[in-house]
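File shown: data.txt (compact mmCIF, C-alpha atoms).
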```
# COMPACT_ATOMS: atom_id res chain seq x y z
CA MET A 42 0.00 0.00 0.00
CA SER A 43 1.36 3.43 -0.92
CA LEU A 44 2.13 5.98 1.77
CA PRO A 45 -0.03 9.09 2.16
CA ILE A 46 1.43 12.28 0.70
CA CYS A 47 1.84 15.66 2.40
CA ARG A 48 -0.67 18.19 1.07
CA ALA A 49 1.79 21.05 1.56
CA CYS A 50 5.04 19.74 0.07
CA GLY A 51 4.30 16.35 -1.49
CA ALA A 52 6.65 14.30 0.72
CA ALA A 53 5.64 10.82 1.86
CA LEU A 54 4.12 10.74 5.36
CA THR A 55 5.77 8.13 7.57
CA ARG A 56 5.66 9.57 11.11
CA THR A 57 2.49 9.14 13.21
CA PHE A 58 1.47 12.07 15.37
CA CYS A 59 -1.68 10.54 16.85
CA ASP A 60 -3.80 7.53 15.85
CA LEU A 61 -7.37 7.72 17.19
CA GLY A 62 -8.66 4.64 15.39
CA LEU A 63 -11.84 4.77 13.33
CA SER A 64 -14.43 7.51 13.63
CA PRO A 65 -17.41 8.91 11.68
CA LEU A 66 -17.50 12.48 10.41
CA ALA A 67 -17.69 14.62 13.53
CA ASN A 68 -20.56 16.81 12.28
CA ALA A 69 -22.63 14.00 10.71
CA TYR A 70 -25.42 14.15 13.29
CA VAL A 71 -27.91 11.32 12.95
CA ARG A 72 -31.50 12.36 12.30
CA ALA A 73 -34.47 10.34 13.53
CA GLU A 74 -35.27 8.89 10.11
CA HIS A 75 -31.69 7.57 9.81
CA ARG A 76 -31.28 6.31 13.37
CA HIS A 77 -31.45 2.66 12.39
CA ARG A 78 -28.97 2.96 9.51
CA GLY A 79 -25.28 2.32 9.68
CA GLU A 80 -22.56 4.97 9.53
CA THR A 81 -19.27 5.19 7.66
CA PHE A 82 -16.16 5.27 9.85
CA HIS A 83 -12.81 6.50 8.53
CA PRO A 84 -9.31 6.29 10.01
CA LEU A 85 -8.55 9.22 12.30
CA HIS A 86 -4.79 8.97 11.98
CA ALA A 87 -2.78 12.19 12.09
CA TYR A 88 0.71 12.29 10.56
CA VAL A 89 3.46 14.86 10.79
CA CYS A 90 5.46 15.58 7.64
CA GLU A 91 9.19 15.35 8.38
CA ALA A 92 9.96 17.54 5.35
CA CYS A 93 7.80 20.62 6.16
CA TRP A 94 6.31 19.73 9.61
CA LEU A 95 2.66 20.06 8.65
CA VAL A 96 0.48 17.85 10.87
CA GLN A 97 -2.39 16.44 8.83
CA LEU A 98 -5.02 13.81 8.15
CA GLU A 99 -5.66 12.04 4.89
CA ALA A 100 -8.74 13.31 3.03
CA PHE A 101 -11.40 10.58 3.07
CA GLU A 102 -14.36 12.82 2.18
CA SER A 103 -14.56 15.78 -0.18
CA PRO A 104 -15.29 19.29 1.10
CA GLU A 105 -18.55 19.14 -0.86
CA ALA A 106 -19.67 16.08 1.13
CA ILE A 107 -18.69 17.64 4.46
CA PHE A 108 -19.57 21.32 4.16
CA SER A 109 -22.36 21.77 1.59
CA ASP A 110 -25.00 21.20 4.30
CA TYR A 111 -23.37 21.94 7.65
CA ALA A 112 -24.53 21.54 11.25
CA TYR A 113 -22.29 24.16 12.85
CA PHE A 114 -23.68 27.68 13.33
CA SER A 115 -21.18 30.13 14.85
CA GLY A 116 -23.83 32.48 16.19
CA PHE A 117 -24.88 30.20 19.06
CA SER A 118 -21.76 30.88 21.15
CA ALA A 119 -21.99 34.12 23.13
CA GLY A 120 -18.25 34.08 23.79
CA TRP A 121 -17.42 33.69 20.11
CA LEU A 122 -19.75 36.55 19.21
CA ARG A 123 -17.92 38.80 21.68
CA HIS A 124 -14.63 37.75 20.10
CA ALA A 125 -15.99 38.55 16.62
CA GLU A 126 -17.26 42.00 17.60
CA ALA A 127 -13.94 42.86 19.26
CA TYR A 128 -12.14 41.81 16.05
CA VAL A 129 -14.34 44.12 13.99
CA ASP A 130 -13.65 47.09 16.24
CA ALA A 131 -9.90 46.40 16.21
CA MET A 132 -9.67 46.01 12.43
CA ILE A 133 -11.69 49.16 11.74
CA ALA A 134 -9.40 51.15 14.01
CA ARG A 135 -6.09 49.63 12.88
CA PHE A 136 -6.70 49.72 9.12
CA ARG A 137 -9.04 52.74 9.00
CA LEU A 138 -11.90 50.87 7.39
CA GLY A 139 -15.03 52.79 6.42
CA PRO A 140 -17.82 53.09 3.86
CA ASP A 141 -15.32 53.09 0.97
CA SER A 142 -13.64 49.88 2.14
CA ARG A 143 -14.47 46.27 1.35
CA VAL A 144 -14.31 43.34 3.79
CA VAL A 145 -14.62 39.75 2.56
CA GLU A 146 -14.91 36.86 4.97
CA VAL A 147 -14.18 33.35 3.75
CA ALA A 148 -16.24 30.63 5.46
CA SER A 149 -18.49 33.37 6.80
CA ASN A 150 -20.95 30.88 8.31
CA ASP A 151 -24.17 32.48 9.57
CA GLY A 152 -22.91 36.07 9.38
CA TYR A 153 -21.78 36.00 13.02
CA LEU A 154 -18.79 38.34 12.26
CA LEU A 155 -19.75 40.36 9.20
CA GLN A 156 -22.97 41.53 10.88
CA TYR A 157 -20.82 43.80 13.06
CA PHE A 158 -19.11 45.36 10.03
CA VAL A 159 -22.54 45.93 8.47
CA ALA A 160 -23.72 47.65 11.64
CA ARG A 161 -20.70 49.99 11.43
CA GLY A 162 -21.33 50.90 7.79
CA VAL A 163 -18.49 48.91 6.20
CA PRO A 164 -19.42 47.06 2.96
CA VAL A 165 -18.98 43.29 3.20
CA LEU A 166 -19.30 40.04 1.33
CA GLY A 167 -19.43 36.60 2.88
CA VAL A 168 -18.26 33.50 1.03
CA GLU A 169 -19.81 30.36 2.53
CA PRO A 170 -20.11 26.89 0.95
CA ALA A 171 -23.00 25.64 3.14
CA ALA A 172 -26.22 26.92 1.60
CA ASN A 173 -28.27 26.18 4.72
CA VAL A 174 -25.93 28.31 6.85
CA ALA A 175 -25.59 31.07 4.25
CA ARG A 176 -29.37 31.54 4.26
CA VAL A 177 -29.22 32.55 7.92
CA ALA A 178 -26.52 35.13 7.11
CA VAL A 179 -28.59 36.66 4.32
CA GLU A 180 -31.56 36.90 6.69
CA ARG A 181 -29.27 38.88 9.01
CA GLY A 182 -28.54 41.36 6.25
CA VAL A 183 -25.11 39.97 5.36
CA PRO A 184 -24.59 39.59 1.57
CA THR A 185 -23.30 36.06 1.07
CA GLU A 186 -22.14 34.08 -1.93
CA VAL A 187 -22.55 30.31 -1.72
CA ALA A 188 -19.22 28.99 -2.99
CA PHE A 189 -16.06 27.20 -2.00
CA PHE A 190 -13.13 29.60 -1.89
CA GLY A 191 -9.96 29.13 -3.88
CA ARG A 192 -7.97 30.61 -6.75
CA ASP A 193 -10.89 30.63 -9.21
CA THR A 194 -13.40 32.08 -6.74
CA GLY A 195 -10.94 34.77 -5.63
CA HIS A 196 -10.21 35.72 -9.23
CA ARG A 197 -13.91 35.83 -10.14
CA LEU A 198 -14.84 37.96 -7.13
CA ALA A 199 -11.95 40.37 -7.77
CA ARG A 200 -13.05 40.86 -11.38
CA SER A 201 -16.64 41.50 -10.26
CA GLY A 202 -15.66 44.37 -7.97
CA HIS A 203 -14.93 42.65 -4.68
CA ARG A 204 -11.22 43.41 -4.28
CA ALA A 205 -10.72 43.47 -0.53
CA ASP A 206 -9.07 45.86 1.91
CA LEU A 207 -9.46 43.11 4.51
CA THR A 208 -10.20 39.42 4.30
CA ALA A 209 -11.00 37.29 7.32
CA ALA A 210 -10.65 33.51 7.47
CA ASN A 211 -11.48 32.23 10.95
CA ASN A 212 -11.02 28.54 11.70
CA VAL A 213 -11.16 27.54 8.05
CA LEU A 214 -7.52 27.15 6.97
CA ALA A 215 -7.47 23.74 8.68
CA HIS A 216 -10.65 22.71 6.84
CA VAL A 217 -9.32 22.69 3.27
CA PRO A 218 -7.65 19.65 1.71
CA ASP A 219 -6.12 21.69 -1.17
CA ILE A 220 -4.45 24.29 1.02
CA HIS A 221 -2.46 25.81 -1.86
CA ASP A 222 -5.51 26.48 -4.03
CA PHE A 223 -7.27 28.01 -1.02
CA VAL A 224 -4.40 30.36 -0.13
CA ALA A 225 -3.97 31.36 -3.77
CA GLY A 226 -7.47 32.82 -3.65
CA PHE A 227 -6.31 35.49 -1.21
CA SER A 228 -3.53 36.55 -3.58
CA GLU A 229 -6.24 37.10 -6.19
CA ILE A 230 -8.75 39.04 -4.10
CA LEU A 231 -6.57 41.35 -1.97
CA LYS A 232 -5.93 44.95 -2.96
CA PRO A 233 -2.19 45.83 -3.21
CA GLU A 234 -2.17 47.12 0.39
CA GLY A 235 -4.94 44.79 1.58
CA VAL A 236 -4.63 42.59 4.66
CA ALA A 237 -5.62 38.95 5.13
CA THR A 238 -6.17 37.60 8.63
CA PHE A 239 -6.25 33.91 9.44
CA GLU A 240 -7.26 32.49 12.81
CA PHE A 241 -6.63 28.86 13.68
CA PRO A 242 -5.92 26.71 16.74
CA HIS A 243 -2.19 26.79 17.40
CA LEU A 244 -0.49 23.40 17.12
CA LEU A 245 1.87 24.41 19.93
CA ARG A 246 -1.04 24.83 22.39
CA MET A 247 -2.70 21.68 21.11
CA ILE A 248 0.37 19.64 22.01
CA GLU A 249 0.97 21.39 25.33
CA SER A 250 -2.59 20.83 26.54
CA ARG A 251 -3.10 17.41 24.89
CA GLN A 252 -6.04 18.69 22.86
CA PHE A 253 -6.46 15.54 20.79
CA ASP A 254 -10.19 16.15 20.38
CA THR A 255 -9.33 18.95 17.94
CA ILE A 256 -8.50 16.12 15.52
CA TYR A 257 -11.45 15.21 13.30
CA HIS A 258 -11.96 14.61 9.60
CA GLU A 259 -13.23 18.12 8.88
CA HIS A 260 -9.84 19.38 10.14
CA PHE A 261 -7.45 18.27 7.42
CA SER A 262 -4.45 20.18 8.87
CA TYR A 263 -3.08 21.26 12.31
CA LEU A 264 -1.11 24.43 12.02
CA SER A 265 1.92 26.27 13.33
CA LEU A 266 3.01 29.76 12.36
CA GLY A 267 6.15 28.41 10.70
CA VAL A 268 4.20 26.11 8.40
CA VAL A 269 1.54 28.69 7.59
CA ALA A 270 4.14 31.38 6.81
CA GLY A 271 5.85 28.99 4.40
CA ILE A 272 2.61 28.17 2.59
CA LEU A 273 1.61 31.83 2.33
CA ALA A 274 5.06 32.74 0.98
CA ARG A 275 4.63 30.31 -1.91
CA HIS A 276 1.69 32.46 -3.04
CA GLY A 277 3.29 35.87 -2.71
CA LEU A 278 1.91 36.62 0.76
CA ARG A 279 4.03 37.80 3.69
CA VAL A 280 3.23 37.38 7.38
CA PHE A 281 3.77 40.77 9.04
CA ASP A 282 2.11 40.28 12.44
CA VAL A 283 0.67 37.61 14.70
CA GLU A 284 -1.44 37.69 17.85
CA GLU A 285 -2.03 34.93 20.38
CA TRP A 286 -5.60 34.40 21.57
CA PRO A 287 -7.14 32.03 24.15
CA THR A 288 -9.96 30.96 21.81
CA HIS A 289 -10.30 27.23 21.06
CA GLY A 290 -7.73 26.39 23.69
CA GLY A 291 -5.10 28.73 22.22
CA SER A 292 -5.19 30.23 18.74
CA LEU A 293 -3.13 32.44 16.46
CA ARG A 294 -4.40 35.38 14.47
CA VAL A 295 -1.97 35.79 11.57
CA PHE A 296 -1.83 39.01 9.53
CA ALA A 297 -0.57 38.70 5.95
CA CYS A 298 -0.21 41.02 2.97
CA CYS A 299 1.23 40.98 -0.54
CA ASP A 300 5.04 40.81 -0.65
CA SER A 301 5.26 44.34 -2.01
CA ALA A 302 2.88 45.92 0.53
CA ALA A 303 4.17 48.50 3.00
CA HIS A 304 3.07 46.78 6.22
CA ALA A 305 6.06 46.51 8.58
CA THR A 306 6.83 43.14 10.17
CA THR A 307 6.41 43.17 13.95
CA GLU A 308 8.59 41.52 16.58
CA ALA A 309 5.71 39.19 17.43
CA VAL A 310 6.41 37.08 14.35
CA ALA A 311 9.94 36.20 15.45
CA ARG A 312 8.78 35.65 19.04
CA VAL A 313 6.17 33.03 18.09
CA LEU A 314 8.52 31.32 15.64
CA ASP A 315 11.19 31.12 18.36
CA ALA A 316 8.66 29.55 20.74
CA GLU A 317 7.71 26.96 18.12
CA ARG A 318 11.36 26.16 17.48
CA ALA A 319 12.08 25.81 21.21
CA ALA A 320 9.14 23.41 21.56
CA GLY A 321 10.56 21.15 18.85
CA LEU A 322 7.90 21.76 16.23
CA PHE A 323 10.54 21.68 13.47
CA ASP A 324 12.10 18.38 14.52
CA PRO A 325 10.73 15.01 15.71
CA SER A 326 11.19 15.80 19.41
CA GLY A 327 8.14 18.04 19.56
CA TYR A 328 5.79 15.23 18.55
CA ALA A 329 7.09 12.37 20.71
CA GLY A 330 4.83 11.16 23.50
CA PHE A 331 1.61 12.83 22.36
CA GLY A 332 -0.10 9.53 21.55
CA ARG A 333 0.68 8.08 24.99
CA ALA A 334 -0.65 11.21 26.71
CA VAL A 335 -3.88 10.88 24.74
CA ALA A 336 -4.30 7.25 25.85
CA ASP A 337 -3.85 8.35 29.46
CA ILE A 338 -6.72 10.83 29.09
CA LYS A 339 -8.93 8.09 27.66
CA CYS A 340 -8.22 5.74 30.56
CA ALA A 341 -8.85 8.43 33.18
CA ALA A 342 -12.16 9.44 31.59
CA LEU A 343 -13.39 5.86 31.37
CA ARG A 344 -12.44 5.14 34.98
CA PHE A 345 -14.36 8.21 36.11
CA LEU A 346 -17.50 7.42 34.11
CA ILE A 347 -17.51 3.76 35.13
CA ASP A 348 -17.13 4.77 38.79
CA GLU A 349 -20.00 7.24 38.43
CA ARG A 350 -22.23 4.50 37.02
CA ALA A 351 -21.19 2.03 39.74
CA ALA A 352 -22.07 4.62 42.40
CA GLY A 353 -25.52 5.13 40.88
CA ARG A 354 -24.76 8.67 39.73
CA THR A 355 -26.14 9.86 36.39
CA VAL A 356 -23.95 11.66 33.88
CA CYS A 357 -25.03 13.90 31.02
CA ALA A 358 -22.85 16.01 28.75
CA TYR A 359 -23.04 19.55 27.44
CA GLY A 360 -22.00 20.70 23.98
CA ALA A 361 -22.72 18.58 20.90
CA ALA A 362 -19.48 19.87 19.41
CA ALA A 363 -17.30 18.16 16.82
CA LYS A 364 -14.45 17.89 19.33
CA GLY A 365 -16.78 16.12 21.72
CA ASN A 366 -17.58 13.53 19.07
CA THR A 367 -13.89 12.79 18.58
CA PHE A 368 -13.50 12.35 22.34
CA LEU A 369 -16.56 10.11 22.75
CA ASN A 370 -15.77 7.87 19.79
CA TYR A 371 -12.09 7.47 20.66
CA CYS A 372 -12.99 6.57 24.24
CA GLY A 373 -15.86 4.28 23.23
CA ILE A 374 -18.39 6.17 25.35
CA GLY A 375 -22.09 5.70 24.62
CA PRO A 376 -25.47 6.31 26.31
CA GLU A 377 -24.70 3.63 28.89
CA LEU A 378 -22.21 6.07 30.44
CA VAL A 379 -23.51 9.47 29.23
CA GLN A 380 -27.29 9.62 29.15
CA ALA A 381 -27.76 12.68 26.91
CA VAL A 382 -25.92 15.73 25.63
CA ALA A 383 -27.40 19.23 25.65
CA ASP A 384 -26.80 21.87 23.01
CA ARG A 385 -28.24 25.33 22.43
CA SER A 386 -28.45 24.87 18.67
CA PRO A 387 -31.94 23.80 17.56
CA HIS A 388 -30.29 22.38 14.44
CA LYS A 389 -28.71 19.65 16.60
CA GLN A 390 -31.50 19.05 19.11
CA GLY A 391 -33.52 15.93 18.34
CA THR A 392 -30.58 14.23 16.62
CA TRP A 393 -28.11 11.62 17.88
CA LEU A 394 -24.36 12.08 18.01
CA PRO A 395 -22.47 10.31 15.22
CA GLY A 396 -20.93 7.02 16.33
CA SER A 397 -21.79 7.19 20.02
CA ARG A 398 -25.54 7.64 19.31
CA ILE A 399 -26.07 9.73 22.44
CA PRO A 400 -29.30 11.78 22.07
CA VAL A 401 -29.00 15.57 21.73
CA VAL A 402 -31.46 17.56 23.83
CA SER A 403 -32.05 21.18 24.76
CA PRO A 404 -30.38 22.65 27.87
CA GLU A 405 -33.82 22.81 29.48
CA ALA A 406 -34.38 19.10 28.84
CA LEU A 407 -31.00 18.30 30.38
CA LEU A 408 -31.91 20.22 33.54
CA ALA A 409 -35.16 18.23 33.72
CA LEU A 410 -33.08 15.03 33.85
CA ARG A 411 -31.36 16.36 37.01
CA PRO A 412 -27.95 14.74 36.28
CA ASP A 413 -25.46 14.33 39.10
CA THR A 414 -22.58 15.26 36.78
CA VAL A 415 -22.39 17.28 33.56
CA LEU A 416 -19.37 16.46 31.42
CA ILE A 417 -18.52 19.59 29.42
CA LEU A 418 -17.27 18.42 26.02
CA PRO A 419 -16.15 21.82 24.60
CA TRP A 420 -13.76 22.24 27.54
CA ASN A 421 -12.51 25.56 26.14
CA LEU A 422 -15.96 27.01 27.02
CA LYS A 423 -16.22 25.40 30.44
CA ASP A 424 -16.59 28.65 32.39
CA GLU A 425 -19.25 30.00 30.04
CA ILE A 426 -21.19 26.72 30.11
CA ALA A 427 -20.93 26.21 33.87
CA GLY A 428 -22.33 29.72 34.31
CA GLU A 429 -25.24 29.07 31.94
CA MET A 430 -26.03 25.72 33.59
CA ALA A 431 -25.43 26.78 37.21
CA ALA A 432 -28.89 25.46 38.14
CA ILE A 433 -27.55 21.91 38.36
CA ARG A 434 -25.79 22.88 41.58
CA GLN A 435 -29.22 23.28 43.22
CA TRP A 436 -29.40 19.50 43.72
CA GLY A 437 -25.70 18.98 44.34
CA GLY A 438 -24.77 18.47 40.71
CA ARG A 439 -21.25 19.14 39.50
CA PHE A 440 -19.31 19.67 36.31
CA ALA A 441 -16.35 17.82 34.81
CA VAL A 442 -13.93 18.16 31.92
CA ALA A 443 -11.58 15.47 30.62
CA ILE A 444 -8.99 17.60 28.75
CA PRO A 445 -6.19 18.43 29.39
CA GLU A 446 -6.80 16.25 32.46
CA LEU A 447 -9.86 14.99 34.30
CA THR A 448 -11.16 17.79 36.53
CA VAL A 449 -14.36 17.80 38.58
CA PHE A 450 -15.61 21.16 39.85
```

Could you express the structure from this file as C-alpha cells?
Amino acid sequence: MSLPICRACGAALTRTFCDLGLSPLANAYVRAEHRHRGETFHPLHAYVCEACWLVQLEAFESPEAIFSDYAYFSGFSAGWLRHAEAYVDAMIARFRLGPDSRVVEVASNDGYLLQYFVARGVPVLGVEPAANVARVAVERGVPTEVAFFGRDTGHRLARSGHRADLTAANNVLAHVPDIHDFVAGFSEILKPEGVATFEFPHLLRMIESRQFDTIYHEHFSYLSLGVVAGILARHGLRVFDVEEWPTHGGSLRVFACCDSAAHATTEAVARVLDAERAAGLFDPSGYAGFGRAVADIKCAALRFLIDERAAGRTVCAYGAAAKGNTFLNYCGIGPELVQAVADRSPHKQGTWLPGSRIPVVSPEALLALRPDTVLILPWNLKDEIAGEMAAIRQWGGRFAVAIPELTVF
C-alpha cells in the first residue's frame, strides 16, 4: 500500500502524530429517520510531515460532502460573538476601514462576524459553501455568496468588484484539503495594500494541553506559524504580524499582505517562531509522547464514568461539538455512560451524536433530567457553560472536563 502524501510539500508521510482509530465524520449528526442505519467510519490517523512539519489527516471525504450542508452555526456561542465583535472594532481602528472599504470573509458561516461590520457601515461580502448556513446570514442582512473559496473564486470575485481591503478567514484554513488552491485565492482578491487575517488553533497549544479532540476529519491540517508562513510565501503573501488568543484552547491570528505591501513586520512574528522552534515543532522531538498522553486521558475518563455509574450517579454532557464527538468515539463512550448531551443549537436538538448515538437535547431538557454530573465536552468554554447551567448545583450536581486532564468542579 502506498504511503499518504503531504498536502503542503508532497513528501511521503511516515511519522504518526496521533492515531485515534476509526471515527465517523464529527458533524454527521444522525436524524431520527436515519437512526437505524449504519454509519461510515474512517481512520482518524494524524501524521506529521518530516519535510515541512505540517500535521495532517488524509482526506477521506470531499469538502462538498462535508460542508455543503453543515450543522455548525457560529452564532450560538456568546463568547465567540464577543470575540468577533472585538475583532471588527480592532480592524476598523487599525486599518481605518469605512464606507469606501471592502471586507470579505471566507467561510463566513451564519454572518456572526460580518454583521458587526454591516452595523458599522463597512461594505462586506461573505463566502460560505454551506447553503443552509448562508441563508441565515442573508436573513441577518449579510450579503453572502454560496461557494467554496480558492484561486478561481478569488479571481472571479476580484473581477466583479470585490477586491478586498481586509479578508478574514477564521477557523477555516485547517478545513481545506487543497491548502495551496485556497491560499492562492487570497492573492487574487486582496488589494495591493490589503490585509488577510487567518485564525486557527495553534499546534503548539494543542500539544501542550493534549487537545487531541481537535483532531477530526473536517480538520485536514493542524497548524503552526512556521508552516503557515511557508505556505503563504509560496503564493506571494508575507506574514507581518501575529497575535495569540485564548480561543479554542489557544489560537493564532496571523496578519498577511502581498510581498510588495508597505506593512512593517512586527517583533511578534519572530517571538512566536522562536517559541515553536524551542518546543521542537521543526524536529521530531516536539511530537514524541503525544499519543501516549492521549491514551492516558482516555483511561482516566473511562475510569471516572464507570465509577459514576457504579455509584448510581447519572452523567449527562453539554456541547454537541465536533471535538466532543472525537473524544466520545475514541474513548468508546455511549449512552450507557452518558445519558444525553445538551446543546443550544436547535439544528442539533432531536438528533443523535455520530458514532456514540447519544441523544442531543435542549439545555432545558438536560436540567429536567437532574444529572449528578455534567461532562462539558467543549472544555474551552467550560466557564461559560458552567455559568449558563449553574442550576444543576441546586441539587448537588457538579461539572467535569476530561482535557487536558480529568477535573471535577

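Minimum atom-to-atom distance to Gly277 in chain A, evaluated using only C-alpha atoms, belongs to A:Ser228 out of A:Asn370, A:Thr307, A:Ser228, A:Ser265.
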
Give the centre and edge lengths of an axis-aligned box, in Å to one decimal, that holds all listed atoms of range 117-130 of chain A with 3 Å on each side, as JSON.
```
{"center_x": -18.5, "center_y": 38.6, "center_z": 18.9, "size_x": 18.7, "size_y": 22.9, "size_z": 15.8}
```

request  = Counting only C-alpha atoms, select every polymer residue within 12 Å of (-24.8, 4.0, 29.5) as defined in the file's coordinates, and provide the selection as a PyMOL selection string.
outcome  = chain A and resi 343+346-347+349-351+353-357+373-381+397-400

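You will find CA of Asn212 in chain A at 16.0 Å from CA of Glu126 in chain A.
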
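Minimum distance to Gly120 in chain A across A:Leu422, A:Leu231, A:Leu244, A:Val283 (counting only C-alpha atoms) occurs at A:Leu422.
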
note = Here CA of Val213 in chain A and CA of Tyr153 in chain A stand apart by 14.5 Å

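Distances here use all atoms listed in the file; by that measure, the residue among A:Phe368, A:Trp121, A:Phe253, A:Phe331 closest to Leu394 in chain A is A:Phe368.
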
key: Coordinates-based distance that separates CA of Ala362 in chain A from CA of Ala100 in chain A (Å, one decimal)   = 20.7 Å

Counting only C-alpha atoms, which residues of range 212-324 of chain A fall within 10 Å of range 129-139 of chain A, and what is the closest atom pair for each with its distance in Å at one decimal, ordered by chain and rising number, as JSON lines?
```
{"residue": "A:Gly235", "atom": "CA", "partner": "A:Phe136", "partner_atom": "CA", "distance": 9.2}
{"residue": "A:Val236", "atom": "CA", "partner": "A:Phe136", "partner_atom": "CA", "distance": 8.7}
{"residue": "A:Thr238", "atom": "CA", "partner": "A:Met132", "partner_atom": "CA", "distance": 9.9}
```

Please save C-alpha atoms of the selected residues as a PDB file, in the coordinates of the input.
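Output (result-v3.pdb):
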```pdb
ATOM      1  CA  GLY A 235      -4.940  44.790   1.580  1.00  0.00           C
ATOM      2  CA  VAL A 236      -4.630  42.590   4.660  1.00  0.00           C
ATOM      3  CA  THR A 238      -6.170  37.600   8.630  1.00  0.00           C
TER       4      THR A 238
END
```

message = Considering only C-alpha atoms, can you say which of A:Tyr359, A:Glu317, A:Ala409, A:Cys299 comes closest to Ala441 in chain A?
response = A:Tyr359

task = With all atoms listed in the file counted, which protein, DNA or RNA residues have an atom no more than 8 Å from (-5.2, 13.7, 30.6) in the file frame? Please answer as a PyMOL selection string.
result = chain A and resi 251+334-335+337-339+341+443-447

Might you pull out every residue within 7 Å of range 180-186 of chain A, with all atoms listed in the file counted and same-chain residues fewer than 6 positions away left off, and present them as a short mmCIF file (atom, residue, chain, number, x, y, z; two decimals) with C-alpha atoms, keeping the file's coordinate frame?
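So out-v1.cif came out as:
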```
data_model
loop_
_atom_site.label_atom_id
_atom_site.label_comp_id
_atom_site.auth_asym_id
_atom_site.auth_seq_id
_atom_site.Cartn_x
_atom_site.Cartn_y
_atom_site.Cartn_z
CA GLY A 152 -22.91 36.07 9.38
CA LEU A 155 -19.75 40.36 9.20
CA GLN A 156 -22.97 41.53 10.88
CA VAL A 165 -18.98 43.29 3.20
CA LEU A 166 -19.30 40.04 1.33
CA GLY A 167 -19.43 36.60 2.88
CA VAL A 168 -18.26 33.50 1.03
CA GLU A 169 -19.81 30.36 2.53
#
```

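Nearest-residue note for Tyr88 in chain A: choosing from A:Ala319, A:Ala329, A:Leu154, A:Leu207, the minimum distance belongs to A:Ala329, counting all atoms listed in the file.
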
task = Determine the nearest neighbour of Leu369 in chain A from the options A:Gly195, A:Tyr157, A:Pro84, A:Asp254, counting only C-alpha atoms.
result = A:Asp254

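Residue neighbourhood of Asp151 in chain A, excluding near-sequence residues (fewer than 5 positions): Val174, Ala175, Val177 and Ala178 of chain A, at 6 Å, using all atoms listed in the file.
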
key: Who sits within 9 Å of His221 in chain A, all atoms listed in the file, same chain under 3 positions skipped, as a VMD selection string   = chain A and resid 48 to 49 191 to 192 218 224 to 226 272 to 273 275 to 276

Quick one: write out the picked residues with C-alpha atoms as a compact mmCIF listing (two decimals), in the frame of the given file?
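Saved the output as part32.txt:
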```
# COMPACT_ATOMS: atom_id res chain seq x y z
CA ARG A 48 -0.67 18.19 1.07
CA ALA A 49 1.79 21.05 1.56
CA GLY A 191 -9.96 29.13 -3.88
CA ARG A 192 -7.97 30.61 -6.75
CA PRO A 218 -7.65 19.65 1.71
CA VAL A 224 -4.40 30.36 -0.13
CA ALA A 225 -3.97 31.36 -3.77
CA GLY A 226 -7.47 32.82 -3.65
CA ILE A 272 2.61 28.17 2.59
CA LEU A 273 1.61 31.83 2.33
CA ARG A 275 4.63 30.31 -1.91
CA HIS A 276 1.69 32.46 -3.04
```

message = List the spatial neighbours of His260 in chain A as a ChimeraX atom specification - criterion: any atom at most 10 Å away, all atoms listed in the file, same-chain residues fewer than 4 positions off excluded.
response = /A:67,97-100,212-218,255-256
